[in-house]
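Text of the file query.csv, holding CSV, C-alpha atoms (C1' of nucleotides):
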chain,number,residue,atom,x,y,z
K,864,MET,CA,17.4,22.3,-18.9
K,865,LEU,CA,16.7,20.9,-15.5
K,866,THR,CA,18.3,18.2,-13.4
K,867,ILE,CA,16.0,15.6,-11.9
K,868,SER,CA,15.9,17.3,-8.5
K,869,GLN,CA,15.0,20.6,-10.1
K,870,LEU,CA,12.3,18.9,-12.1
K,871,ALA,CA,10.9,17.2,-9.1
K,872,LYS,CA,10.9,20.4,-7.0
K,873,THR,CA,9.1,22.2,-9.8
K,874,PHE,CA,6.2,19.8,-9.4
K,875,SER,CA,6.5,19.3,-5.7
K,876,ILE,CA,7.1,15.6,-6.0
K,877,SER,CA,10.0,13.5,-5.0
K,878,ARG,CA,13.0,12.6,-7.1
K,879,THR,CA,12.1,9.0,-6.6
K,880,THR,CA,8.7,9.5,-8.2
K,881,VAL,CA,10.3,10.9,-11.3
K,882,LEU,CA,12.5,7.9,-11.5
K,883,TYR,CA,9.4,5.7,-11.0
K,884,TYR,CA,7.8,7.3,-14.0
K,885,GLU,CA,11.0,6.7,-16.0
K,886,ARG,CA,11.0,3.1,-15.0
K,887,GLU,CA,7.4,2.9,-16.2
K,888,GLY,CA,8.5,4.3,-19.5
K,889,LEU,CA,6.5,7.5,-19.1
K,890,LEU,CA,9.1,10.2,-18.8
K,891,LEU,CA,12.6,9.8,-20.2
K,892,PRO,CA,15.2,12.5,-19.8
K,893,LYS,CA,16.0,14.5,-22.9
K,894,ASN,CA,19.6,13.3,-22.6
K,895,ARG,CA,22.4,12.4,-20.2
K,896,SER,CA,25.6,14.3,-19.7
K,897,ASP,CA,28.9,12.5,-19.7
K,898,ASN,CA,28.7,12.0,-16.0
K,899,GLY,CA,25.3,10.2,-16.4
K,900,TYR,CA,23.2,13.1,-15.0
K,901,ARG,CA,19.7,13.3,-16.4
K,902,TRP,CA,18.7,16.5,-18.1
K,903,TYR,CA,15.1,17.6,-18.8
K,904,GLY,CA,14.0,20.2,-21.4
K,905,ASP,CA,10.7,22.0,-22.1
K,906,LEU,CA,9.2,18.9,-23.8
K,907,GLU,CA,9.8,16.8,-20.7
K,908,VAL,CA,8.5,19.5,-18.4
K,909,GLU,CA,5.4,19.7,-20.5
K,910,ARG,CA,5.0,15.9,-20.5
K,911,LEU,CA,5.3,15.7,-16.7
K,912,ARG,CA,2.8,18.5,-16.5
K,913,LYS,CA,0.4,16.3,-18.4
K,914,ILE,CA,1.2,13.4,-16.2
K,915,MET,CA,0.5,15.4,-13.1
K,916,ALA,CA,-2.8,16.6,-14.6
K,917,TYR,CA,-3.9,13.1,-15.5
K,918,ARG,CA,-2.8,11.8,-12.1
K,919,SER,CA,-4.9,14.5,-10.4
K,920,PHE,CA,-7.9,13.0,-12.3
K,921,GLY,CA,-7.0,9.7,-10.6
K,922,VAL,CA,-5.9,7.9,-13.8
K,923,PRO,CA,-3.7,5.0,-12.8
K,924,VAL,CA,-0.1,5.3,-13.7
K,925,ALA,CA,-0.3,2.1,-15.7
K,926,GLN,CA,-2.8,3.7,-18.1
K,927,LEU,CA,-1.0,7.0,-18.6
K,928,TYR,CA,0.8,5.8,-21.7
K,929,LEU,CA,-2.6,5.6,-23.4
K,930,LEU,CA,-3.0,9.3,-22.9
K,931,LEU,CA,0.5,10.4,-23.5
K,932,ASP,CA,1.9,8.4,-26.4
K,933,ARG,CA,-1.1,7.9,-28.5
K,934,HIS,CA,-2.4,11.0,-30.2
K,935,ASP,CA,-5.7,9.5,-31.3
K,936,GLU,CA,-8.1,11.9,-29.7
K,937,VAL,CA,-11.0,9.5,-29.8
K,938,GLU,CA,-8.9,6.9,-28.1
K,939,GLN,CA,-7.9,9.3,-25.4
K,940,GLN,CA,-11.5,10.5,-24.9
K,941,THR,CA,-12.5,6.8,-24.6
K,942,VAL,CA,-9.8,6.2,-21.9
K,943,LEU,CA,-10.9,9.2,-19.9
K,944,LEU,CA,-14.5,8.2,-20.2
K,945,GLU,CA,-13.8,4.7,-19.0
K,946,HIS,CA,-11.9,6.1,-16.1
K,947,PHE,CA,-14.8,8.4,-15.4
K,948,HIS,CA,-17.1,5.4,-15.2
K,949,ALA,CA,-14.6,3.6,-13.0
K,950,LEU,CA,-14.8,6.5,-10.6
K,951,GLU,CA,-18.6,6.4,-10.8
K,952,ALA,CA,-18.4,2.7,-9.9
K,953,LYS,CA,-16.4,3.5,-6.8
K,954,VAL,CA,-18.8,6.2,-5.8
K,955,GLN,CA,-21.7,3.8,-6.1
K,956,GLU,CA,-19.8,1.3,-3.9
K,957,LEU,CA,-19.3,3.9,-1.2
K,958,ARG,CA,-22.9,4.9,-1.5
K,959,VAL,CA,-24.0,1.4,-0.9
K,960,GLN,CA,-21.9,1.3,2.2
K,961,GLN,CA,-23.3,4.6,3.4
K,962,LYS,CA,-26.8,3.4,2.8
K,963,ALA,CA,-26.1,0.2,4.8
K,964,ILE,CA,-24.8,2.3,7.7
K,965,VAL,CA,-27.8,4.5,7.7
K,966,GLN,CA,-30.2,1.6,7.6
K,967,PHE,CA,-28.2,-0.1,10.3
K,968,MET,CA,-28.2,2.9,12.6
K,969,GLY,CA,-31.9,3.4,11.9
K,970,GLN,CA,-32.7,-0.1,12.9
K,971,PRO,CA,-30.9,-0.5,16.2
K,972,GLU,CA,-32.8,-3.6,17.1
K,973,LEU,CA,-30.1,-5.2,15.0
K,974,LEU,CA,-27.9,-4.3,18.0
K,975,ASP,CA,-30.6,-4.9,20.6
K,976,GLU,CA,-30.3,-1.3,21.5
K,977,ASN,CA,-32.5,1.8,21.6
K,978,VAL,CA,-34.1,3.6,18.8
K,979,VAL,CA,-32.3,6.6,17.3
K,980,THR,CA,-34.6,9.6,17.6
K,981,LYS,CA,-34.3,12.9,15.8
K,982,ASP,CA,-33.0,14.5,19.0
K,983,ARG,CA,-30.6,11.7,19.5
K,984,TRP,CA,-29.3,11.9,15.9
K,985,THR,CA,-29.0,15.6,16.1
K,986,GLN,CA,-27.0,15.2,19.3
K,987,ILE,CA,-24.8,12.5,17.7
K,988,MET,CA,-24.0,14.8,14.7
K,989,ARG,CA,-23.4,17.7,17.0
K,990,ASP,CA,-21.0,15.6,19.1
K,991,ALA,CA,-19.2,14.7,15.9
K,992,GLY,CA,-18.5,18.4,15.5
K,993,LEU,CA,-21.1,19.2,12.8
K,994,SER,CA,-22.7,22.6,12.7
K,995,ASP,CA,-26.3,23.3,11.7
K,996,ASP,CA,-25.0,24.2,8.2
K,997,ASP,CA,-23.0,21.0,8.0
K,998,MET,CA,-26.1,19.0,8.8
K,999,ARG,CA,-28.1,20.9,6.3
K,1000,ASN,CA,-25.4,20.2,3.6
K,1001,TRP,CA,-25.3,16.6,4.7
K,1002,HIS,CA,-29.0,16.2,4.2
K,1003,MET,CA,-28.8,18.0,0.8
K,1004,GLN,CA,-26.0,15.8,-0.4
K,1005,PHE,CA,-27.8,12.7,0.8
K,1006,GLU,CA,-31.1,13.7,-0.8
K,1007,LYS,CA,-29.3,14.5,-4.1
K,1008,SER,CA,-27.4,11.3,-4.4
K,1009,GLU,CA,-29.6,8.8,-2.6
K,1010,PRO,CA,-33.1,10.2,-2.2
K,1011,GLN,CA,-34.7,6.8,-1.4
K,1012,GLY,CA,-32.1,6.1,1.3
K,1013,HIS,CA,-32.5,9.5,2.6
K,1014,LEU,CA,-36.3,9.1,2.9
K,1015,VAL,CA,-35.8,5.7,4.7
K,1016,PHE,CA,-33.4,7.3,7.0
K,1017,LEU,CA,-35.6,10.3,7.8
K,1018,ARG,CA,-38.6,8.0,8.5
K,1019,SER,CA,-36.4,5.9,10.8
K,1020,LEU,CA,-36.0,9.0,13.0
K,1021,ASN,CA,-39.8,9.2,13.5
K,1022,ILE,CA,-39.9,12.7,12.1
K,1023,SER,CA,-43.3,14.0,11.0
K,1024,GLU,CA,-44.0,13.8,7.3
K,1025,GLU,CA,-44.2,17.6,7.2
K,1026,GLU,CA,-40.7,18.0,8.5
K,1027,ILE,CA,-39.4,15.4,6.2
K,1028,GLU,CA,-40.8,17.3,3.3
K,1029,VAL,CA,-39.1,20.5,4.6
K,1030,ILE,CA,-35.7,18.7,4.9
K,1031,ARG,CA,-36.0,17.1,1.5
K,1032,GLY,CA,-37.0,20.4,0.0
K,1033,TRP,CA,-33.7,22.0,1.0
K,1034,SER,CA,-32.1,20.6,-2.1
K,1035,ASP,CA,-34.3,22.7,-4.4
C,352,MET,CA,-18.5,-25.9,18.1
C,353,LEU,CA,-16.7,-25.2,14.9
C,354,THR,CA,-13.1,-25.6,13.8
C,355,ILE,CA,-11.5,-22.6,12.1
C,356,SER,CA,-12.0,-23.9,8.6
C,357,GLN,CA,-15.7,-24.6,9.4
C,358,LEU,CA,-16.1,-21.2,10.7
C,359,ALA,CA,-14.4,-19.6,7.7
C,360,LYS,CA,-16.5,-21.6,5.3
C,361,THR,CA,-19.6,-20.5,7.2
C,362,PHE,CA,-18.9,-16.9,6.3
C,363,SER,CA,-17.2,-17.6,2.9
C,364,ILE,CA,-13.9,-16.2,4.0
C,365,SER,CA,-10.5,-17.9,4.1
C,366,ARG,CA,-9.1,-19.5,7.2
C,367,THR,CA,-6.2,-17.0,7.0
C,368,THR,CA,-8.6,-14.1,7.4
C,369,VAL,CA,-9.9,-15.6,10.6
C,370,LEU,CA,-6.4,-15.9,11.8
C,371,TYR,CA,-5.8,-12.3,10.8
C,372,TYR,CA,-8.7,-11.2,12.9
C,373,GLU,CA,-7.3,-13.2,15.8
C,374,ARG,CA,-4.0,-11.5,15.4
C,375,GLU,CA,-5.7,-8.2,15.5
C,376,GLY,CA,-7.3,-9.2,18.8
C,377,LEU,CA,-10.8,-9.1,17.3
C,378,LEU,CA,-11.9,-12.8,17.4
C,379,LEU,CA,-10.5,-15.3,19.8
C,380,PRO,CA,-11.5,-18.9,19.8
C,381,LYS,CA,-13.6,-20.1,22.7
C,382,ASN,CA,-10.9,-22.5,23.6
C,383,ARG,CA,-8.3,-24.8,22.3
C,384,SER,CA,-8.3,-28.6,22.4
C,385,ASP,CA,-5.3,-30.5,23.6
C,386,ASN,CA,-3.8,-30.7,20.2
C,387,GLY,CA,-4.0,-26.9,19.8
C,388,TYR,CA,-7.0,-26.8,17.6
C,389,ARG,CA,-9.2,-23.7,17.8
C,390,TRP,CA,-12.9,-24.2,18.6
C,391,TYR,CA,-15.5,-21.5,18.1
C,392,GLY,CA,-19.0,-21.4,19.8
C,393,ASP,CA,-22.1,-19.4,19.2
C,394,LEU,CA,-20.7,-16.3,20.7
C,395,GLU,CA,-17.8,-16.3,18.4
C,396,VAL,CA,-20.0,-17.0,15.4
C,397,GLU,CA,-22.1,-14.0,16.4
C,398,ARG,CA,-19.1,-11.9,16.9
C,399,LEU,CA,-17.7,-12.8,13.5
C,400,ARG,CA,-21.2,-12.0,12.0
C,401,LYS,CA,-20.9,-8.5,13.4
C,402,ILE,CA,-17.4,-8.2,12.1
C,403,MET,CA,-18.5,-9.1,8.6
C,404,ALA,CA,-21.4,-6.7,8.9
C,405,TYR,CA,-19.2,-3.8,9.9
C,406,ARG,CA,-16.6,-4.7,7.2
C,407,SER,CA,-19.3,-4.6,4.6
C,408,PHE,CA,-19.9,-1.0,5.7
C,409,GLY,CA,-16.2,-0.5,4.9
C,410,VAL,CA,-15.2,0.1,8.5
C,411,PRO,CA,-11.4,-0.5,8.7
C,412,VAL,CA,-10.4,-3.6,10.6
C,413,ALA,CA,-8.3,-1.3,12.9
C,414,GLN,CA,-11.4,0.4,14.1
C,415,LEU,CA,-13.6,-2.7,14.6
C,416,TYR,CA,-12.6,-2.9,18.3
C,417,LEU,CA,-14.4,0.3,18.9
C,418,LEU,CA,-17.6,-1.3,17.7
C,419,LEU,CA,-17.2,-4.7,19.2
C,420,ASP,CA,-15.6,-4.3,22.6
C,421,ARG,CA,-17.1,-1.1,23.8
C,422,HIS,CA,-20.8,-1.2,24.6
C,423,ASP,CA,-21.2,2.5,24.8
C,424,GLU,CA,-23.8,2.9,22.2
C,425,VAL,CA,-23.2,6.6,21.8
C,426,GLU,CA,-19.6,5.9,21.2
C,427,GLN,CA,-20.5,3.3,18.6
C,428,GLN,CA,-22.9,5.6,16.8
C,429,THR,CA,-20.2,8.2,16.7
C,430,VAL,CA,-17.7,5.8,15.2
C,431,LEU,CA,-20.2,4.8,12.6
C,432,LEU,CA,-21.0,8.4,11.9
C,433,GLU,CA,-17.4,9.3,11.5
C,434,HIS,CA,-16.9,6.4,9.2
C,435,PHE,CA,-20.0,7.6,7.3
C,436,HIS,CA,-18.3,11.0,6.9
C,437,ALA,CA,-15.0,9.4,5.9
C,438,LEU,CA,-17.0,7.6,3.1
C,439,GLU,CA,-18.5,11.0,2.1
C,440,ALA,CA,-15.1,12.5,2.0
C,441,LYS,CA,-13.9,9.8,-0.4
C,442,VAL,CA,-17.0,10.3,-2.5
C,443,GLN,CA,-16.3,14.1,-2.7
C,444,GLU,CA,-12.7,13.3,-3.7
C,445,LEU,CA,-13.9,11.1,-6.6
C,446,ARG,CA,-16.5,13.7,-7.6
C,447,VAL,CA,-13.8,16.4,-7.8
C,448,GLN,CA,-11.8,14.0,-10.1
C,449,GLN,CA,-14.9,13.4,-12.2
C,450,LYS,CA,-15.5,17.1,-12.5
C,451,ALA,CA,-12.0,17.7,-13.6
C,452,ILE,CA,-12.3,15.1,-16.3
C,453,VAL,CA,-15.4,16.6,-17.6
C,454,GLN,CA,-13.9,20.0,-17.7
C,455,PHE,CA,-10.8,18.7,-19.4
C,456,MET,CA,-12.7,16.7,-22.0
C,457,GLY,CA,-14.7,19.9,-22.8
C,458,GLN,CA,-11.5,21.9,-23.1
C,459,PRO,CA,-8.6,19.5,-23.8
C,460,GLU,CA,-6.6,22.4,-25.2
C,461,LEU,CA,-6.1,23.5,-21.7
C,462,LEU,CA,-3.4,20.9,-21.4
C,463,ASP,CA,-1.7,21.8,-24.7
C,464,GLU,CA,1.1,24.1,-24.6
C,465,ASN,CA,0.9,27.8,-25.3
C,466,VAL,CA,-2.8,27.8,-26.1
C,467,VAL,CA,-4.3,29.4,-23.1
C,468,THR,CA,-2.1,32.1,-21.9
C,469,LYS,CA,-2.5,34.2,-18.7
C,470,ASP,CA,-3.7,37.1,-20.7
C,471,ARG,CA,-6.2,35.0,-22.6
C,472,TRP,CA,-7.5,33.4,-19.4
C,473,THR,CA,-7.8,36.7,-17.8
C,474,GLN,CA,-9.8,37.9,-20.7
C,475,ILE,CA,-12.0,34.8,-20.6
C,476,MET,CA,-12.8,35.4,-17.0
C,477,ARG,CA,-13.4,39.1,-17.6
C,478,ASP,CA,-15.7,38.3,-20.4
C,479,ALA,CA,-17.5,36.0,-18.0
C,480,GLY,CA,-18.1,39.0,-15.9
C,481,LEU,CA,-15.6,38.4,-13.1
C,482,SER,CA,-13.9,41.3,-11.5
C,483,ASP,CA,-10.3,41.3,-10.2
C,484,ASP,CA,-11.6,40.6,-6.8
C,485,ASP,CA,-13.7,37.7,-8.1
C,486,MET,CA,-10.7,36.2,-9.8
C,487,ARG,CA,-8.7,36.6,-6.7
C,488,ASN,CA,-11.4,34.8,-4.7
C,489,TRP,CA,-11.6,32.2,-7.4
C,490,HIS,CA,-7.9,31.4,-7.1
C,491,MET,CA,-8.1,31.3,-3.3
C,492,GLN,CA,-11.0,28.9,-3.4
C,493,PHE,CA,-9.2,26.8,-6.0
C,494,GLU,CA,-6.0,26.8,-4.0
C,495,LYS,CA,-7.9,25.9,-0.8
C,496,SER,CA,-9.9,23.0,-2.2
C,497,GLU,CA,-7.5,21.7,-4.8
C,498,PRO,CA,-4.0,22.9,-4.4
C,499,GLN,CA,-2.5,20.4,-6.7
C,500,GLY,CA,-5.0,21.1,-9.4
C,501,HIS,CA,-4.5,24.8,-8.9
C,502,LEU,CA,-0.8,24.4,-9.4
C,503,VAL,CA,-1.3,22.4,-12.6
C,504,PHE,CA,-3.7,25.0,-13.9
C,505,LEU,CA,-1.4,27.9,-13.1
C,506,ARG,CA,1.5,26.1,-14.8
C,507,SER,CA,-0.7,25.6,-17.8
C,508,LEU,CA,-0.9,29.3,-18.2
C,509,ASN,CA,2.9,29.6,-18.5
C,510,ILE,CA,3.1,32.0,-15.6
C,511,SER,CA,6.5,32.5,-14.0
C,512,GLU,CA,7.2,30.6,-10.9
C,513,GLU,CA,7.4,33.8,-8.9
C,514,GLU,CA,4.0,34.9,-9.9
C,515,ILE,CA,2.6,31.4,-9.2
C,516,GLU,CA,4.0,31.7,-5.7
C,517,VAL,CA,2.3,35.1,-5.3
C,518,ILE,CA,-1.0,33.8,-6.4
C,519,ARG,CA,-0.9,30.7,-4.3
C,520,GLY,CA,0.1,32.8,-1.3
C,521,TRP,CA,-3.1,34.7,-1.5
C,522,SER,CA,-4.7,32.0,0.6
C,523,ASP,CA,-2.5,32.6,3.6
R,524,DT,C1',0.0,-48.6,9.2
R,525,DG,C1',-0.5,-46.0,5.2
R,526,DT,C1',-2.9,-42.3,3.1
R,527,DC,C1',-5.4,-38.3,2.7
R,528,DA,C1',-7.5,-34.3,4.8
R,529,DT,C1',-7.0,-30.9,8.1
R,530,DC,C1',-4.9,-28.3,11.4
R,531,DA,C1',-1.0,-25.1,13.4
R,532,DA,C1',2.3,-21.4,12.7
R,533,DT,C1',4.9,-18.5,10.0
R,534,DA,C1',6.3,-16.2,6.1
R,535,DG,C1',5.7,-13.8,2.0
R,536,DA,C1',2.9,-12.1,-2.2
R,537,DC,C1',-0.2,-8.9,-4.0
R,538,DA,C1',-2.2,-4.2,-5.2
R,539,DG,C1',-0.7,1.1,-6.3
R,540,DG,C1',1.8,5.0,-5.7
R,541,DT,C1',5.1,7.4,-3.4
R,542,DC,C1',8.9,8.2,-0.4
R,543,DA,C1',13.2,7.1,2.3
R,544,DA,C1',17.4,5.3,2.8
R,545,DA,C1',21.6,3.1,1.8
R,546,DC,C1',25.9,3.3,-0.6
R,547,DC,C1',28.9,5.0,-4.1
R,548,DT,C1',30.6,8.7,-7.5
R,549,DT,C1',30.7,13.4,-9.2
R,550,DT,C1',30.4,18.2,-8.9
R,551,DT,C1',30.6,22.4,-6.3
R,552,DG,C1',32.2,25.8,-3.2
R,553,DC,C1',35.4,27.8,0.0
P,1448,DG,C1',42.2,20.0,-1.4
P,1449,DC,C1',38.6,18.7,1.5
P,1450,DA,C1',33.8,18.5,2.8
P,1451,DA,C1',29.1,19.4,1.5
P,1452,DA,C1',25.7,18.8,-1.8
P,1453,DA,C1',23.6,16.4,-5.4
P,1454,DG,C1',23.9,13.0,-8.8
P,1455,DG,C1',23.7,7.7,-9.8
P,1456,DT,C1',21.5,2.9,-8.7
P,1457,DT,C1',19.0,-0.3,-6.0
P,1458,DT,C1',16.3,-1.8,-2.4
P,1459,DG,C1',12.9,-1.6,0.9
P,1460,DA,C1',9.0,0.7,3.8
P,1461,DC,C1',4.6,2.2,3.9
P,1462,DC,C1',-0.8,1.1,3.7
P,1463,DT,C1',-4.7,-2.4,4.1
P,1464,DG,C1',-6.8,-6.7,3.7
P,1465,DT,C1',-6.7,-11.0,2.0
P,1466,DC,C1',-4.6,-14.8,-0.1
P,1467,DT,C1',-1.2,-18.5,-1.1
P,1468,DA,C1',2.6,-21.3,0.2
P,1469,DT,C1',5.5,-23.9,3.1
P,1470,DT,C1',6.6,-27.2,6.7
P,1471,DG,C1',5.3,-30.2,10.3
P,1472,DA,C1',2.0,-32.4,13.3
P,1473,DT,C1',-2.5,-34.6,14.0
P,1474,DG,C1',-7.1,-37.0,13.0
P,1475,DA,C1',-9.9,-40.3,10.5
P,1476,DC,C1',-10.5,-44.2,7.9
P,1477,DA,C1',-9.6,-48.6,5.8
So that I can check it, write out the structure of this file as C-alpha cells.
Amino acid sequence: MLTISQLAKTFSISRTTVLYYEREGLLLPKNRSDNGYRWYGDLEVERLRKIMAYRSFGVPVAQLYLLLDRHDEVEQQTVLLEHFHALEAKVQELRVQQKAIVQFMGQPELLDENVVTKDRWTQIMRDAGLSDDDMRNWHMQFEKSEPQGHLVFLRSLNISEEEIEVIRGWSD
Amino acid sequence: MLTISQLAKTFSISRTTVLYYEREGLLLPKNRSDNGYRWYGDLEVERLRKIMAYRSFGVPVAQLYLLLDRHDEVEQQTVLLEHFHALEAKVQELRVQQKAIVQFMGQPELLDENVVTKDRWTQIMRDAGLSDDDMRNWHMQFEKSEPQGHLVFLRSLNISEEEIEVIRGWSD
DNA sequence: TGTCATCAATAGACAGGTCAAACCTTTTGC
DNA sequence: GCAAAAGGTTTGACCTGTCTATTGATGACA
C-alpha cells in the first residue's frame, strides 16, 4: 500500500497530477485511513501504469475513461484508432506548414530578396548546426513524407536533375 | 487609411487580435486621430500580410519580430529553418506516439498484468536473435529516445525498482 | 437630439495538462 | 514535547493565441 506521494514518486509525476486524475474520476484511492490519508494498492498502481502508458500515446486525459473503464476491446481499439488518426491529422497540418516554408524560402521574390542557391542553402543548414548526416537524413525524411514538396524544393535550388535524382535516391 | 476594424476584416481576424499584435510590438498604427482612433496605411497592411503569412507557417508570435524587424536575410532564413526543424521535431514526436499505438494494438497484452514477465521478454528477444549486448543497447536506445516509454515498459515487466534503476542507468 | 454603430481600453475566458504554493492538520522522529 | 515532514484541500500559475465581455466615449445620420 502506497501513500499518494509514494505513488507519485513511483511514476515520476507530481502529487498534484495524481489528485488531478482523481478529480477527473480516473484514479481513486483504494481507501482512506481514519486520518483521511489516501492509500493505493496493486490495482491502483496497475491502473496508473495504464494511464501513464496511454498518456504517452498522447491520448487526452478526457478520453482515458474510454480505455480504462470499458472492457469492450473493440471499443478500445476504436478509440485508439481514432486517436491515431487525430495524430495523423496533426502531422499533416505540420507538413503543410513545412511545405509552405520551403516554397516560401524557395521563392524569395516574395520577399524581394535574393535566390537561395544550393550553396547558400547548404551554408544556412550548416550555420544551423546540421552535419552532413543531418542534412542527408533531413532530405530522406522530406522525400519520404512529402516527395512532391521535396522535388519542388530541390528544383528551387537550381540543382541539376542528375543531382536531384541522387538526393531523392537516398531514401531507397 | 483603414480603421482597426476595417483592417481586421480585411484579413478575417478579430479586432482584438490586431490589438494583441500591437501589444506585442509587431504592428503599430500609422497614426492616431484626435479622438484616439488608430489608422493603418499601406505599409501597415503589408506588414500584417507578412504577419499572417508567417503565422500560417506556424511561427510563434513571439518570434515574428525576428522576421519583420531585422532585414538580415540570412538571419531570417535561419529563423525559418529553425522553425522548420521545430515542426519536424513535433512531427517525430507524433510519429513516436503513433508507433507506440500500433505496437500496443498489436500486443495489447503488454499492458495487462503478469502476462509478459522479464524472463519471457528476455526469451522473446533471445528468440529474435538478440544477444545480451544487443539487449543492453536496445534498452539504452529506448531510454535515450523515450525515457518515459522505457519506464512504462520496464514496469510492465514487473521488474524490481532497483533493477529498473540499474537498467536505466546504463545510458549514463 | 436621440439612436445605433464603432471605437478605446481593459479584463477575463478558453484550451490541456501539469506543477507550485498557500494554509491547516496529522504523523513521525529525536 | 517540539519541530520537521508529509498528509489534506483549494487555488492559481504556466503556455499560446484568440475571442468575448464590459464600460465609456465618439461619429454618423435623421
**Study point:** Test item: chain C residues at most 8 Å from chain P, counting only C-alpha atoms (C1' of nucleotides), as number ranges by chain
**Key:** C: 365, 367-368, 386
Keeping only C-alpha atoms, write those residues as a PDB file, in the coordinates of the input.
ATOM      1  CA  SER C 365     -10.500 -17.900   4.100  1.00  0.00           C
ATOM      2  CA  THR C 367      -6.200 -17.000   7.000  1.00  0.00           C
ATOM      3  CA  THR C 368      -8.600 -14.100   7.400  1.00  0.00           C
ATOM      4  CA  ASN C 386      -3.800 -30.700  20.200  1.00  0.00           C
TER       5      ASN C 386
END
Point to revise | Neighbours of chain R in chain C at 12 Å, counting all atoms listed in the file, as a ChimeraX atom specification | key: /C:354-357,366-367,370,383-384,386-390
**Study point:** Test item: which residues lie within 12 Å of (-17.0, 5.3, 2.2) counting only C-alpha atoms (C1' of nucleotides), as a ChimeraX atom specification
**Key:** /K:953-964 /C:406-411,431-445
Practice item. Choose the residue, out of C:Lys401, C:Arg421, C:Val412, C:Asp385, that has the smallest atom-to-atom separation from chain K; count all atoms listed in the file. Key: C:Lys401
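Interatomic distance, atom CA of Asp420 of chain C against atom CA of Tyr391 of chain C: 17.8 Å.
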Revision key, fill the gap. Expressed in Å, the length from atom CA of Leu377 of chain C to atom CA of Ser363 of chain C is 17.9 Å
Review point. What separation in Å, quoted to one decimal, exists between atom CA of Met352 of chain C and atom CA of Leu379 of chain C?
Key: 13.4 Å
**Study point:** Nearby residues (all atoms listed in the file) at most 10 Å from Leu353 of chain C, same-chain spacing under 5 positions excluded, as a PyMOL selection string
**Key:** chain C and resi 358-359+361+380-381+389-393+395-396
